[in-house]
file entry_23.txt (compact mmCIF, C-alpha atoms)
# COMPACT_ATOMS: atom_id res chain seq x y z
CA MET T 28 152.09 89.96 14.09
CA SER T 29 153.15 86.79 12.28
CA ASN T 30 155.99 86.49 14.76
CA GLU T 31 153.67 85.84 17.67
CA TRP T 32 155.03 83.21 20.05
CA PRO T 33 152.98 80.01 20.13
CA LEU T 34 150.54 79.27 22.94
CA TRP T 35 151.41 76.63 25.55
CA GLU T 36 149.15 74.98 28.08
CA VAL T 37 150.64 74.53 31.55
CA PHE T 38 150.08 71.61 33.92
CA ILE T 39 151.40 71.61 37.48
CA ARG T 40 151.78 68.83 40.04
CA GLY T 41 150.86 70.21 43.46
CA GLN T 42 152.76 69.36 46.62
CA HIS T 43 150.81 66.33 47.66
CA GLY T 44 151.52 63.57 45.16
CA LEU T 45 148.59 64.60 42.98
CA SER T 46 148.31 64.36 39.21
CA HIS T 47 149.43 67.25 37.06
CA ARG T 48 146.54 69.65 36.66
CA HIS T 49 145.86 72.32 34.07
CA VAL T 50 146.53 75.75 35.59
CA GLY T 51 146.60 78.10 32.61
CA SER T 52 148.48 79.02 29.50
CA LEU T 53 151.23 81.31 28.24
CA HIS T 54 153.18 82.27 25.15
CA ALA T 55 156.78 81.16 24.66
CA PRO T 56 159.09 80.60 21.69
CA ASP T 57 159.91 77.00 22.67
CA ALA T 58 159.37 74.35 25.34
CA ASP T 59 162.36 75.39 27.46
CA MET T 60 161.19 78.97 27.68
CA ALA T 61 157.62 77.83 28.27
CA ILE T 62 158.78 75.88 31.33
CA LYS T 63 160.85 78.80 32.60
CA ASN T 64 157.92 81.19 32.16
CA ALA T 65 155.51 78.71 33.75
CA ARG T 66 157.80 78.48 36.74
CA ASP T 67 157.79 82.27 37.08
CA VAL T 68 154.08 82.73 36.58
CA TYR T 69 152.45 79.69 38.13
CA THR T 70 154.70 78.49 40.98
CA ARG T 71 155.69 81.64 42.86
CA ARG T 72 153.83 80.58 45.99
CA ASN T 73 154.71 76.92 46.42
CA GLU T 74 152.00 75.78 44.04
CA GLY T 75 153.97 72.94 42.54
CA VAL T 76 156.84 70.48 42.38
CA SER T 77 156.69 69.58 38.69
CA ILE T 78 155.65 71.29 35.46
CA TRP T 79 154.39 69.96 32.13
CA VAL T 80 153.91 72.20 29.12
CA VAL T 81 152.38 71.26 25.80
CA GLU T 82 151.79 73.43 22.79
CA ALA T 83 148.09 74.21 22.66
CA ARG T 84 147.71 73.13 19.02
CA HIS T 85 148.65 69.56 20.00
CA ILE T 86 145.69 69.16 22.34
CA ALA T 87 142.70 67.29 20.94
CA ALA T 88 139.40 67.85 22.70
CA THR T 89 135.81 66.70 22.66
CA ALA T 90 133.33 69.09 21.08
CA PRO T 91 130.74 70.71 23.37
CA GLY T 92 128.01 69.30 21.09
CA ASP T 93 129.14 65.74 21.81
CA LYS T 94 128.47 66.11 25.51
CA GLY T 95 125.15 64.29 25.38
CA PRO T 96 126.11 61.17 23.42
CA LEU T 97 129.44 60.87 25.23
CA PHE T 98 128.54 61.44 28.85
CA GLU T 99 124.81 60.97 29.33
CA PRO T 100 124.83 57.16 28.96
CA SER T 101 126.67 56.79 32.27
CA GLU T 102 123.93 58.66 34.12
CA SER T 103 121.57 55.67 33.90
CA LYS T 104 124.13 53.11 35.05
CA VAL T 105 123.83 53.57 38.79
CA TYR T 106 124.90 49.93 39.37
CA ARG T 107 128.46 51.04 38.56
CA HIS T 108 128.62 52.75 41.95
CA PRO T 109 129.25 50.80 45.17
CA THR T 110 126.37 52.56 46.93
CA PHE T 111 123.92 50.78 44.56
CA PHE T 112 124.29 47.58 46.57
CA ASP T 113 122.72 47.20 50.00
CA ILE T 114 124.93 44.94 52.08
CA PRO T 115 123.56 43.97 55.52
CA ASP T 116 125.41 45.46 58.51
CA GLU T 117 126.05 41.94 59.85
CA VAL T 118 128.47 41.34 56.99
CA GLY T 119 130.75 44.01 58.36
CA HIS T 120 132.80 46.56 56.47
CA MET T 121 133.10 45.93 52.74
CA MET X 30 136.90 99.45 37.70
CA TYR X 31 139.85 97.91 35.94
CA ALA X 32 137.31 97.82 33.15
CA GLN X 33 135.37 101.06 32.91
CA MET X 34 132.73 102.25 30.47
CA ILE X 35 132.71 98.99 28.56
CA LYS X 36 130.24 99.34 25.75
CA THR X 37 128.15 96.26 25.38
CA ALA X 38 128.23 95.32 21.72
CA ARG X 39 124.48 95.73 21.49
CA SER X 40 122.08 98.14 23.17
CA GLY X 41 119.03 97.03 25.07
CA VAL X 42 118.22 93.54 26.26
CA LYS X 43 116.37 91.14 23.99
CA THR X 44 113.14 89.74 25.34
CA ARG X 45 112.73 85.98 25.28
CA GLU X 46 110.37 86.31 22.35
CA GLU X 47 112.99 88.20 20.35
CA MET X 48 115.65 85.56 21.01
CA THR X 49 116.42 82.72 18.66
CA GLU X 50 116.19 79.23 20.08
CA GLN X 51 119.98 79.15 20.43
CA GLU X 52 119.99 82.46 22.29
CA ARG X 53 117.25 81.23 24.62
CA ALA X 54 119.22 78.09 25.46
CA PHE X 55 122.28 80.27 26.08
CA GLN X 56 120.38 82.63 28.40
CA ASP X 57 118.95 79.63 30.28
CA LYS X 58 122.45 78.38 30.97
CA ILE X 59 123.48 81.81 32.26
CA ASP X 60 120.39 82.03 34.45
CA ALA X 61 121.13 78.58 35.88
CA ASP X 62 124.72 79.72 36.69
CA ILE X 63 126.23 77.23 34.27
CA LYS X 64 129.58 78.57 33.07
CA ILE X 65 130.10 79.28 29.40
CA GLU X 66 133.29 77.63 28.10
CA PRO X 67 135.43 78.65 25.12
CA ARG X 68 134.03 76.25 22.54
CA ASP X 69 130.39 76.58 23.61
CA TRP X 70 128.07 78.51 21.34
CA MET X 71 127.68 82.14 22.38
CA PRO X 72 126.09 85.23 20.81
CA ASP X 73 128.60 87.33 18.84
CA ASP X 74 127.83 90.34 21.04
CA TYR X 75 128.58 88.36 24.19
CA ARG X 76 131.96 87.41 22.74
CA ALA X 77 132.74 90.95 21.57
CA THR X 78 131.77 92.52 24.90
CA LEU X 79 133.87 90.02 26.84
CA ILE X 80 136.91 90.63 24.64
CA ARG X 81 136.59 94.35 25.30
CA GLN X 82 136.14 93.96 29.04
CA ILE X 83 138.79 91.30 29.62
CA GLY X 84 141.18 93.08 27.27
CA GLN X 85 140.81 96.37 29.11
CA HIS X 86 141.21 94.56 32.40
CA ALA X 87 144.43 92.93 31.14
CA HIS X 88 145.80 96.25 29.87
CA SER X 89 145.11 97.78 33.30
CA GLU X 90 147.16 95.11 35.04
CA VAL X 91 150.10 95.71 32.76
CA VAL X 92 149.96 99.51 32.69
CA GLY X 93 149.39 99.37 36.45
CA GLN X 94 152.95 98.16 36.84
CA LEU X 95 154.29 101.54 35.74
CA PRO X 96 153.35 103.81 38.67
CA GLU X 97 154.67 101.22 41.14
CA GLY X 98 157.70 100.17 39.13
CA ASN X 99 158.68 103.82 39.44
CA TRP X 100 159.46 103.24 43.15
CA ILE X 101 161.20 99.87 43.15
CA THR X 102 164.68 101.40 43.12
CA ARG X 103 163.71 103.92 45.78
CA ALA X 104 161.91 101.71 48.30
CA PRO X 105 162.90 102.71 51.85
CA THR X 106 164.17 99.27 52.92
CA LEU X 107 165.39 96.10 51.22
CA GLU X 108 162.34 94.25 52.54
CA ARG X 109 159.91 96.83 51.10
CA LYS X 110 161.80 96.63 47.83
CA ALA X 111 161.48 92.82 47.66
CA ILE X 112 157.76 93.10 48.50
CA LEU X 113 157.15 95.74 45.85
CA LEU X 114 159.05 93.71 43.26
CA ALA X 115 156.90 90.68 44.07
CA LYS X 116 153.74 92.75 43.77
CA VAL X 117 154.70 94.28 40.43
CA GLN X 118 155.65 90.81 39.16
CA ASP X 119 152.19 89.60 40.22
CA GLU X 120 150.61 92.34 38.10
CA ALA X 121 152.44 91.04 35.04
CA GLY X 122 151.06 87.60 35.85
CA HIS X 123 147.54 89.01 36.21
CA GLY X 124 147.88 90.58 32.80
CA LEU X 125 148.93 87.20 31.43
CA TYR X 126 145.98 85.32 32.99
CA LEU X 127 143.58 87.86 31.53
CA TYR X 128 145.11 87.99 28.06
CA SER X 129 144.93 84.18 28.10
CA ALA X 130 141.23 84.34 28.98
CA ALA X 131 140.64 86.81 26.14
CA GLU X 132 142.55 84.56 23.76
CA THR X 133 140.14 81.70 24.39
CA LEU X 134 137.57 83.94 22.68
CA GLY X 135 139.62 84.07 19.51
CA GLU X 136 141.46 87.38 19.91
CA SER X 137 145.26 87.09 20.09
CA ARG X 138 147.28 88.82 22.77
CA ASP X 139 149.43 90.64 20.22
CA GLU X 140 146.29 91.98 18.58
CA LEU X 141 144.97 93.30 21.91
CA VAL X 142 148.32 94.92 22.62
CA ARG X 143 148.28 96.49 19.17
CA LEU X 144 144.82 97.95 19.80
CA LEU X 145 146.02 99.42 23.10
CA HIS X 146 149.11 100.94 21.52
CA GLU X 147 147.04 102.45 18.73
CA GLY X 148 144.80 104.06 21.33
CA ARG X 149 141.80 101.96 20.32
CA MET X 150 141.53 100.20 23.68
CA LYS X 151 141.79 101.68 27.16
CA TYR X 152 143.04 100.80 30.61
CA SER X 153 141.73 101.96 33.99
CA SER X 154 141.75 105.72 34.57
CA ILE X 155 143.49 105.25 37.93
CA PHE X 156 146.86 104.52 36.36
CA ASN X 157 146.96 107.94 34.74
CA TYR X 158 147.63 109.47 38.14
CA PRO X 159 151.22 109.83 39.33
CA THR X 160 152.89 108.21 42.36
CA LEU X 161 154.71 111.19 43.80
CA ASN X 162 156.32 109.67 46.88
CA TRP X 163 156.62 106.48 48.92
CA ALA X 164 153.34 107.07 50.77
CA ASP X 165 151.56 106.89 47.41
CA ILE X 166 152.86 103.34 46.96
CA GLY X 167 151.28 102.30 50.25
CA ALA X 168 148.06 104.11 49.33
CA VAL X 169 147.94 102.50 45.88
CA GLY X 170 148.27 98.99 47.32
CA TRP X 171 145.68 99.71 49.97
CA LEU X 172 143.11 101.73 48.00
CA VAL X 173 143.61 100.79 44.36
CA ASP X 174 144.13 97.09 44.92
CA GLY X 175 141.47 97.24 47.64
CA ALA X 176 139.00 98.65 45.11
CA ALA X 177 140.12 96.07 42.56
CA ILE X 178 139.43 93.26 45.04
CA VAL X 179 135.86 94.46 45.61
CA ASN X 180 135.22 94.27 41.88
CA GLN X 181 137.15 91.09 41.26
CA VAL X 182 135.61 89.11 44.11
CA ALA X 183 132.25 89.76 42.46
CA LEU X 184 133.66 88.77 39.07
CA GLN X 185 134.64 85.33 40.36
CA ARG X 186 130.98 84.56 39.63
CA THR X 187 131.05 85.95 36.11
CA SER X 188 129.48 83.70 33.48
CA TYR X 189 132.51 83.05 31.26
CA GLY X 190 134.55 80.17 32.73
CA PRO X 191 138.10 81.26 31.81
CA TYR X 192 137.43 84.82 33.08
CA ALA X 193 135.95 83.55 36.34
CA ARG X 194 138.90 81.20 36.91
CA ALA X 195 141.39 83.99 36.22
CA MET X 196 139.57 86.07 38.84
CA VAL X 197 139.85 83.34 41.47
CA ARG X 198 143.59 83.18 40.96
CA ILE X 199 143.98 86.96 40.88
CA CYS X 200 141.93 87.51 44.05
CA LYS X 201 144.24 85.23 46.04
CA GLU X 202 147.24 87.32 45.04
CA GLU X 203 145.46 90.66 45.24
CA SER X 204 144.82 90.19 48.91
CA PHE X 205 148.60 90.22 49.47
CA HIS X 206 148.73 93.48 47.51
CA ALA X 207 146.15 95.26 49.60
CA ARG X 208 147.63 94.06 52.87
CA GLN X 209 151.20 95.05 52.01
CA GLY X 210 149.89 98.48 51.03
CA TYR X 211 147.98 98.94 54.27
CA HIS X 212 150.99 97.72 56.22
CA ALA X 213 153.16 100.36 54.55
CA MET X 214 150.49 102.98 55.36
CA MET X 215 150.41 101.88 59.01
CA LYS X 216 154.14 102.46 59.27
CA MET X 217 153.74 105.97 57.90
CA ALA X 218 150.51 106.95 59.63
CA LEU X 219 151.78 105.76 62.99
CA GLY X 220 155.29 107.14 62.38
CA SER X 221 156.79 110.64 62.69
CA PRO X 222 154.66 113.77 62.12
CA GLU X 223 156.25 114.15 58.66
CA GLN X 224 155.43 110.56 57.72
CA ARG X 225 151.89 111.03 58.99
CA LYS X 226 151.49 114.13 56.87
CA MET X 227 152.65 112.23 53.79
CA ALA X 228 150.21 109.40 54.51
CA GLN X 229 147.33 111.87 54.86
CA ASP X 230 148.31 113.64 51.68
CA ALA X 231 148.48 110.37 49.73
CA LEU X 232 145.04 109.33 51.02
CA ASN X 233 143.55 112.72 50.11
CA ARG X 234 144.96 112.72 46.60
CA LEU X 235 144.16 109.10 45.72
CA TRP X 236 140.70 108.89 47.27
CA PHE X 237 138.66 110.32 44.40
CA PRO X 238 140.68 108.62 41.66
CA ALA X 239 140.04 105.32 43.52
CA MET X 240 136.30 106.10 43.64
CA MET X 241 136.33 106.71 39.90
CA MET X 242 137.65 103.20 39.32
CA PHE X 243 134.12 101.84 39.67
CA GLY X 244 132.93 103.92 36.72
CA PRO X 245 129.99 106.31 36.41
CA HIS X 246 126.71 106.08 38.33
CA ASP X 247 124.42 103.22 37.37
CA SER X 248 122.00 105.80 35.99
CA GLU X 249 124.73 107.06 33.63
CA SER X 250 126.15 103.65 32.88
CA THR X 251 124.87 102.84 29.44
CA HIS X 252 125.05 99.27 28.22
CA SER X 253 125.26 97.81 31.74
CA GLU X 254 121.88 96.17 31.43
CA GLN X 255 122.85 93.59 28.82
CA SER X 256 126.16 92.88 30.57
CA MET X 257 124.26 92.22 33.80
CA ALA X 258 121.76 89.96 32.01
CA TRP X 259 124.66 87.97 30.58
CA LYS X 260 126.43 88.04 33.97
CA ILE X 261 129.51 89.53 32.38
CA LYS X 262 129.05 92.12 35.09
CA VAL X 263 127.77 90.75 38.37
CA LYS X 264 127.29 93.86 40.51
CA SER X 265 126.56 97.42 39.48
CA ASN X 266 129.08 100.28 39.68
CA ASP X 267 127.25 101.99 42.55
CA GLU X 268 126.88 98.78 44.56
CA LEU X 269 130.59 98.06 44.28
CA ARG X 270 131.56 101.66 45.11
CA GLN X 271 129.38 101.63 48.24
CA GLN X 272 130.91 98.33 49.33
CA PHE X 273 134.40 99.79 48.90
CA VAL X 274 133.58 102.91 50.93
CA ASP X 275 131.96 100.89 53.71
CA GLN X 276 134.95 98.62 54.10
CA THR X 277 137.58 101.36 53.79
CA ILE X 278 136.34 104.00 56.28
CA PRO X 279 137.07 101.85 59.37
CA GLN X 280 140.54 101.20 57.94
CA ILE X 281 141.12 104.95 57.68
CA GLU X 282 139.92 105.39 61.23
CA TYR X 283 142.32 102.72 62.49
CA LEU X 284 145.19 104.64 60.91
CA GLY X 285 144.04 107.72 62.81
CA LEU X 286 143.95 109.70 59.58
CA GLU X 287 141.33 112.28 58.76
CA LEU X 288 138.62 111.31 56.29
CA PRO X 289 139.66 112.39 52.80
CA GLU X 290 136.53 114.43 52.05
CA PRO X 291 133.81 116.10 54.18
CA GLY X 292 130.90 114.25 52.58
CA ILE X 293 131.72 110.94 54.28
CA LYS X 294 129.17 110.34 57.03
CA TRP X 295 127.56 107.26 58.51
CA ASN X 296 123.94 107.08 57.47
CA GLU X 297 121.99 105.22 60.14
CA ASP X 298 118.90 104.78 57.97
CA ARG X 299 120.72 103.25 55.03
CA GLY X 300 123.21 101.34 57.16
CA HIS X 301 125.94 102.64 54.85
CA TYR X 302 128.32 105.57 54.61
CA ASP X 303 127.26 108.56 52.53
CA PHE X 304 130.00 110.11 50.43
CA SER X 305 130.56 112.78 47.79
CA ASP X 306 130.81 112.24 44.08
CA PRO X 307 134.19 112.50 42.47
CA ASP X 308 134.48 115.14 39.76
CA TRP X 309 133.00 113.21 36.88
CA SER X 310 134.17 115.74 34.32
CA GLU X 311 137.74 115.02 35.47
CA PHE X 312 137.03 111.30 35.04
CA MET X 313 135.80 111.79 31.48
CA ASP X 314 138.77 113.99 30.73
CA VAL X 315 141.23 111.35 31.98
CA LEU X 316 139.48 108.73 29.83
CA ARG X 317 139.83 111.03 26.85
CA GLY X 318 143.59 110.99 27.37
CA ASN X 319 144.10 114.20 29.32
CA GLY X 320 145.03 112.83 32.76
CA PRO X 321 148.35 113.77 34.36
CA CYS X 322 150.16 110.66 33.05
CA ASN X 323 148.27 109.33 30.00
CA VAL X 324 150.99 110.31 27.56
CA ASP X 325 153.83 108.96 29.74
CA ARG X 326 152.07 105.64 30.30
CA MET X 327 151.40 105.03 26.63
CA ASN X 328 154.90 106.09 25.63
CA ALA X 329 156.39 103.70 28.21
CA ARG X 330 154.20 100.85 26.95
CA ARG X 331 155.04 101.45 23.29
CA LYS X 332 158.74 101.81 24.05
CA ALA X 333 158.79 98.55 26.01
CA TRP X 334 157.04 96.76 23.15
CA ASP X 335 159.26 98.24 20.43
CA ASP X 336 162.49 97.76 22.39
CA GLY X 337 161.57 94.13 23.04
CA GLU X 338 160.86 93.30 19.43
CA TRP X 339 164.37 92.04 18.56
CA VAL X 340 164.31 89.79 21.65
CA ARG X 341 160.94 88.29 20.74
CA ASP X 342 161.97 87.77 17.13
CA GLY X 343 165.41 86.45 18.04
CA LEU X 344 164.07 83.88 20.48
CA LEU X 345 161.49 82.68 17.97
CA GLU X 346 164.09 82.39 15.22
CA HIS X 347 166.37 80.46 17.57
CA ALA X 348 163.50 78.10 18.40
CA ARG X 349 162.82 77.57 14.66
CA LYS X 350 166.47 76.80 13.93
CA LYS X 351 166.70 74.43 16.88
CA ALA X 352 163.57 72.60 15.73
CA ALA X 353 164.92 72.36 12.16
CA ARG X 354 168.23 70.96 13.44
CA ALA X 355 166.38 68.39 15.56
CA VAL X 356 164.40 67.25 12.50
CA ALA X 357 167.57 67.06 10.37
CA ALA X 358 169.32 64.92 13.00
CA GLU X 359 166.53 62.35 13.04
call {"tool": "encode", "arguments": {"input": "entry_23.txt", "output": "C-alpha cells"}}
result
Amino acid sequence: MSNEWPLWEVFIRGQHGLSHRHVGSLHAPDADMAIKNARDVYTRRNEGVSIWVVEARHIAATAPGDKGPLFEPSESKVYRHPTFFDIPDEVGHM
Amino acid sequence: MYAQMIKTARSGVKTREEMTEQERAFQDKIDADIKIEPRDWMPDDYRATLIRQIGQHAHSEVVGQLPEGNWITRAPTLERKAILLAKVQDEAGHGLYLYSAAETLGESRDELVRLLHEGRMKYSSIFNYPTLNWADIGAVGWLVDGAAIVNQVALQRTSYGPYARAMVRICKEESFHARQGYHAMMKMALGSPEQRKMAQDALNRLWFPAMMMFGPHDSESTHSEQSMAWKIKVKSNDELRQQFVDQTIPQIEYLGLELPEPGIKWNEDRGHYDFSDPDWSEFMDVLRGNGPCNVDRMNARRKAWDDGEWVRDGLLEHARKKAARAVAAE
C-alpha cells in the first residue's frame, strides 16, 4: 500500500470566462497523468476549457476552529456594502 | 440501495442529555441542515458509519461496471456500443467521486479496495445477478439506475458535504443512464414479437433484484435510526422503494409490457401502488456471497487489481525518477 499514487485536487475553468473552480480530486502518479485523468473524469460533458491540478499536500487551509475570529468581524461592517448608503433618486443612477 | 445493510457504528440514538457538549453542537448543526465538512469535528461513529456507507457505494459503482462491460463488444449497433461505453465509463467516474469523498474522512482508496478484495466490505446485491442478453442491458439502465437515482436524489441532502456534492454530480449523469436504458427497452418492447418477449423476460427477472436494492423493510432495518438522526440516510428503505414502484409502473405500462408480478395493484386509499415482497431469504443469501455471480465478480475485481499492479508501480517509479532528474538539473 506504500505505492499508493498521490492525491491531486482538480480545478476547472468553465466555458464562460469564469475562474478555475474546485471540482474534485483524483489519484495520479504525476502532474501529467493527473491532468489526463482529470480530463477524462471531469470534462466529458463540456464542463471546461482549462484544467489546473495541484497535489493535495501542497494546499494550505484555514482551520474550521478559526472561522469565528477570521470571518465574523466582517459581519458588523455593513458600511462596506453599497446598499448601506441611501442616495436620493434625484441624483440618478450611481 | 447501492449501500445496503450498513451497520451504524453504534446502536441506539443518544438523547440530548447523554451527549457531550461537542456532540450537542454537532447534532444542532445537522438539525439546522448545515453541512459537515472534512476538517470539522465529528463523532467517531459518524465518521466510521460514513466510511462504510460511502465505501460500499463506491464499490457498487465499480463492480457495477462488470455486468454491463460484458455486453460492450456485443452491442447491437455502433451507436448503442458508444452509449454503453460512455455509461460504463461514467460508473468508473462515480466510483472515483465516492472514493474521494471517503478519503476526506481519512480512509485511503487503496485501503477500501483492499477491504473489498478481502471480503470485508460489500457492494450492492444487484450486481451479483447476471446480464444474460441485450434486453438485460436496457433493463439494468432503466431499473437499476432508476432505483439508484431515487436513492441518490435523496442523498443529495445528506449531511456530509463531500458525499452530498458527489451525489449532485452523480445524479446528473445517472439520468442519462436511466434514459438510455429505457430507450433501449422501448426499441425492444415495441419491436418484433421475439424482441418483446426478451424485454418482458428481462423485466420479470430483474424486478425483484431491483426491489432488493433498497434493503430490508424499515422494521427489519437495524441501525437506521442513528443514521437518520445524523442525516447520513435521508429517507427510509420502504419510502424509497415505494417511490421507485410508483414512478416505474407507468413506465412499464407505456412499454405495453405485463407487470412483472401479480401483487402490483393501485391502492386508491393509500394513493400508491401495492406490491409483493421480494424473497428476502434470497436477498440475505446473495449478501452472504451465494448469488449467481458473487464469485465471478470478486475474481474479476481481484484480477484487475493484481494485473494492474505493475502498471501502477511502473508509473509511480517513472514519476519518481523524473522528479529526481528535475531536481538534479536545477
call {"tool": "closest_atom_pairs", "arguments": {"input": "entry_23.txt", "of": "chain X", "to": "chain T", "cutoff": "6 Å", "atoms": "all atoms listed in the file", "output": "Markdown table"}}
result
| residue | atom | partner | partner_atom | distance |
| --- | --- | --- | --- | --- |
| X:Asp69 | CA | T:Pro91 | CA | 5.9 |
| X:Gly122 | CA | T:Val68 | CA | 5.8 |
| X:Leu345 | CA | T:Pro56 | CA | 4.9 |
| X:Ala348 | CA | T:Asp57 | CA | 5.7 |
call {"tool": "atom_distance", "arguments": {"input": "entry_23.txt", "atom1": "atom CA of Pro96 of chain X", "atom2": "atom CA of Asp174 of chain X"}}
result
13.0 Å
call {"tool": "closest_residue", "arguments": {"input": "entry_23.txt", "among": "X:Asp306, X:Asp119, X:Asp60, X:Glu46", "to": "Phe237 of chain X", "atoms": "only C-alpha atoms"}}
result
X:Asp306
call {"tool": "atom_distance", "arguments": {"input": "entry_23.txt", "atom1": "atom CA of Pro159 of chain X", "atom2": "atom CA of Cys322 of chain X"}}
result
6.4 Å
call {"tool": "residues_around", "arguments": {"input": "entry_23.txt", "residues": "Trp79 of chain T", "least_positions_apart": "5", "cutoff": "8 Å", "atoms": "all atoms listed in the file", "output": "list in words"}}
result
Val37, Phe38, Ile39, His47 and Ile62 of chain T
call {"tool": "write_last_selection", "arguments": {"input": "entry_23.txt", "atoms": "C-alpha atoms", "output": "PDB file, in the coordinates of the input"}}
result
ATOM      1  CA  VAL T  37     150.640  74.530  31.550  1.00  0.00           C
ATOM      2  CA  PHE T  38     150.080  71.610  33.920  1.00  0.00           C
ATOM      3  CA  ILE T  39     151.400  71.610  37.480  1.00  0.00           C
ATOM      4  CA  HIS T  47     149.430  67.250  37.060  1.00  0.00           C
ATOM      5  CA  ILE T  62     158.780  75.880  31.330  1.00  0.00           C
TER       6      ILE T  62
END
call {"tool": "closest_residue", "arguments": {"input": "entry_23.txt", "among": "X:Val324, X:Leu284, X:Ala258, X:Leu134", "to": "Arg45 of chain X", "atoms": "all atoms listed in the file"}}
result
X:Ala258
call {"tool": "residues_around", "arguments": {"input": "entry_23.txt", "residues": "Val173 of chain X", "least_positions_apart": "4", "cutoff": "8 Å", "atoms": "all atoms listed in the file", "output": "VMD selection string"}}
result
chain X and resid 155 168 to 169 177 239
call {"tool": "atom_distance", "arguments": {"input": "entry_23.txt", "atom1": "atom CA of Glu268 of chain X", "atom2": "atom CA of Gly285 of chain X"}}
result
26.6 Å
call {"tool": "closest_residue", "arguments": {"input": "entry_23.txt", "among": "X:Pro191, X:Gly41, X:Arg331, X:Arg225", "to": "Glu147 of chain X", "atoms": "only C-alpha atoms"}}
result
X:Arg331
call {"tool": "residues_near_point", "arguments": {"input": "entry_23.txt", "point": "(149.2, 74.9, 43.8)", "cutoff": "8 Å", "atoms": "only C-alpha atoms", "output": "VMD selection string"}}
result
chain T and resid 39 to 42 70 72 to 75
call {"tool": "residues_around", "arguments": {"input": "entry_23.txt", "residues": "His252 of chain X", "least_positions_apart": "4", "cutoff": "12 Å", "atoms": "all atoms listed in the file", "output": "list of chain:residue names"}}
result
X:Gln33, X:Met34, X:Ile35, X:Lys36, X:Thr37, X:Ala38, X:Arg39, X:Ser40, X:Gly41, X:Val42, X:Asp74, X:Thr78, X:Pro245, X:Asp247, X:Ser248, X:Ser256, X:Met257, X:Ala258, X:Trp259, X:Ile261, X:Lys262, X:Ser265
call {"tool": "write_last_selection", "arguments": {"input": "entry_23.txt", "atoms": "C-alpha atoms", "output": "mmCIF file, keeping the file's coordinate frame"}}
result
data_model
loop_
_atom_site.group_PDB
_atom_site.id
_atom_site.type_symbol
_atom_site.label_atom_id
_atom_site.label_comp_id
_atom_site.auth_asym_id
_atom_site.auth_seq_id
_atom_site.Cartn_x
_atom_site.Cartn_y
_atom_site.Cartn_z
ATOM 1 C CA GLN X 33 135.370 101.060 32.910
ATOM 2 C CA MET X 34 132.730 102.250 30.470
ATOM 3 C CA ILE X 35 132.710 98.990 28.560
ATOM 4 C CA LYS X 36 130.240 99.340 25.750
ATOM 5 C CA THR X 37 128.150 96.260 25.380
ATOM 6 C CA ALA X 38 128.230 95.320 21.720
ATOM 7 C CA ARG X 39 124.480 95.730 21.490
ATOM 8 C CA SER X 40 122.080 98.140 23.170
ATOM 9 C CA GLY X 41 119.030 97.030 25.070
ATOM 10 C CA VAL X 42 118.220 93.540 26.260
ATOM 11 C CA ASP X 74 127.830 90.340 21.040
ATOM 12 C CA THR X 78 131.770 92.520 24.900
ATOM 13 C CA PRO X 245 129.990 106.310 36.410
ATOM 14 C CA ASP X 247 124.420 103.220 37.370
ATOM 15 C CA SER X 248 122.000 105.800 35.990
ATOM 16 C CA SER X 256 126.160 92.880 30.570
ATOM 17 C CA MET X 257 124.260 92.220 33.800
ATOM 18 C CA ALA X 258 121.760 89.960 32.010
ATOM 19 C CA TRP X 259 124.660 87.970 30.580
ATOM 20 C CA ILE X 261 129.510 89.530 32.380
ATOM 21 C CA LYS X 262 129.050 92.120 35.090
ATOM 22 C CA SER X 265 126.560 97.420 39.480
#
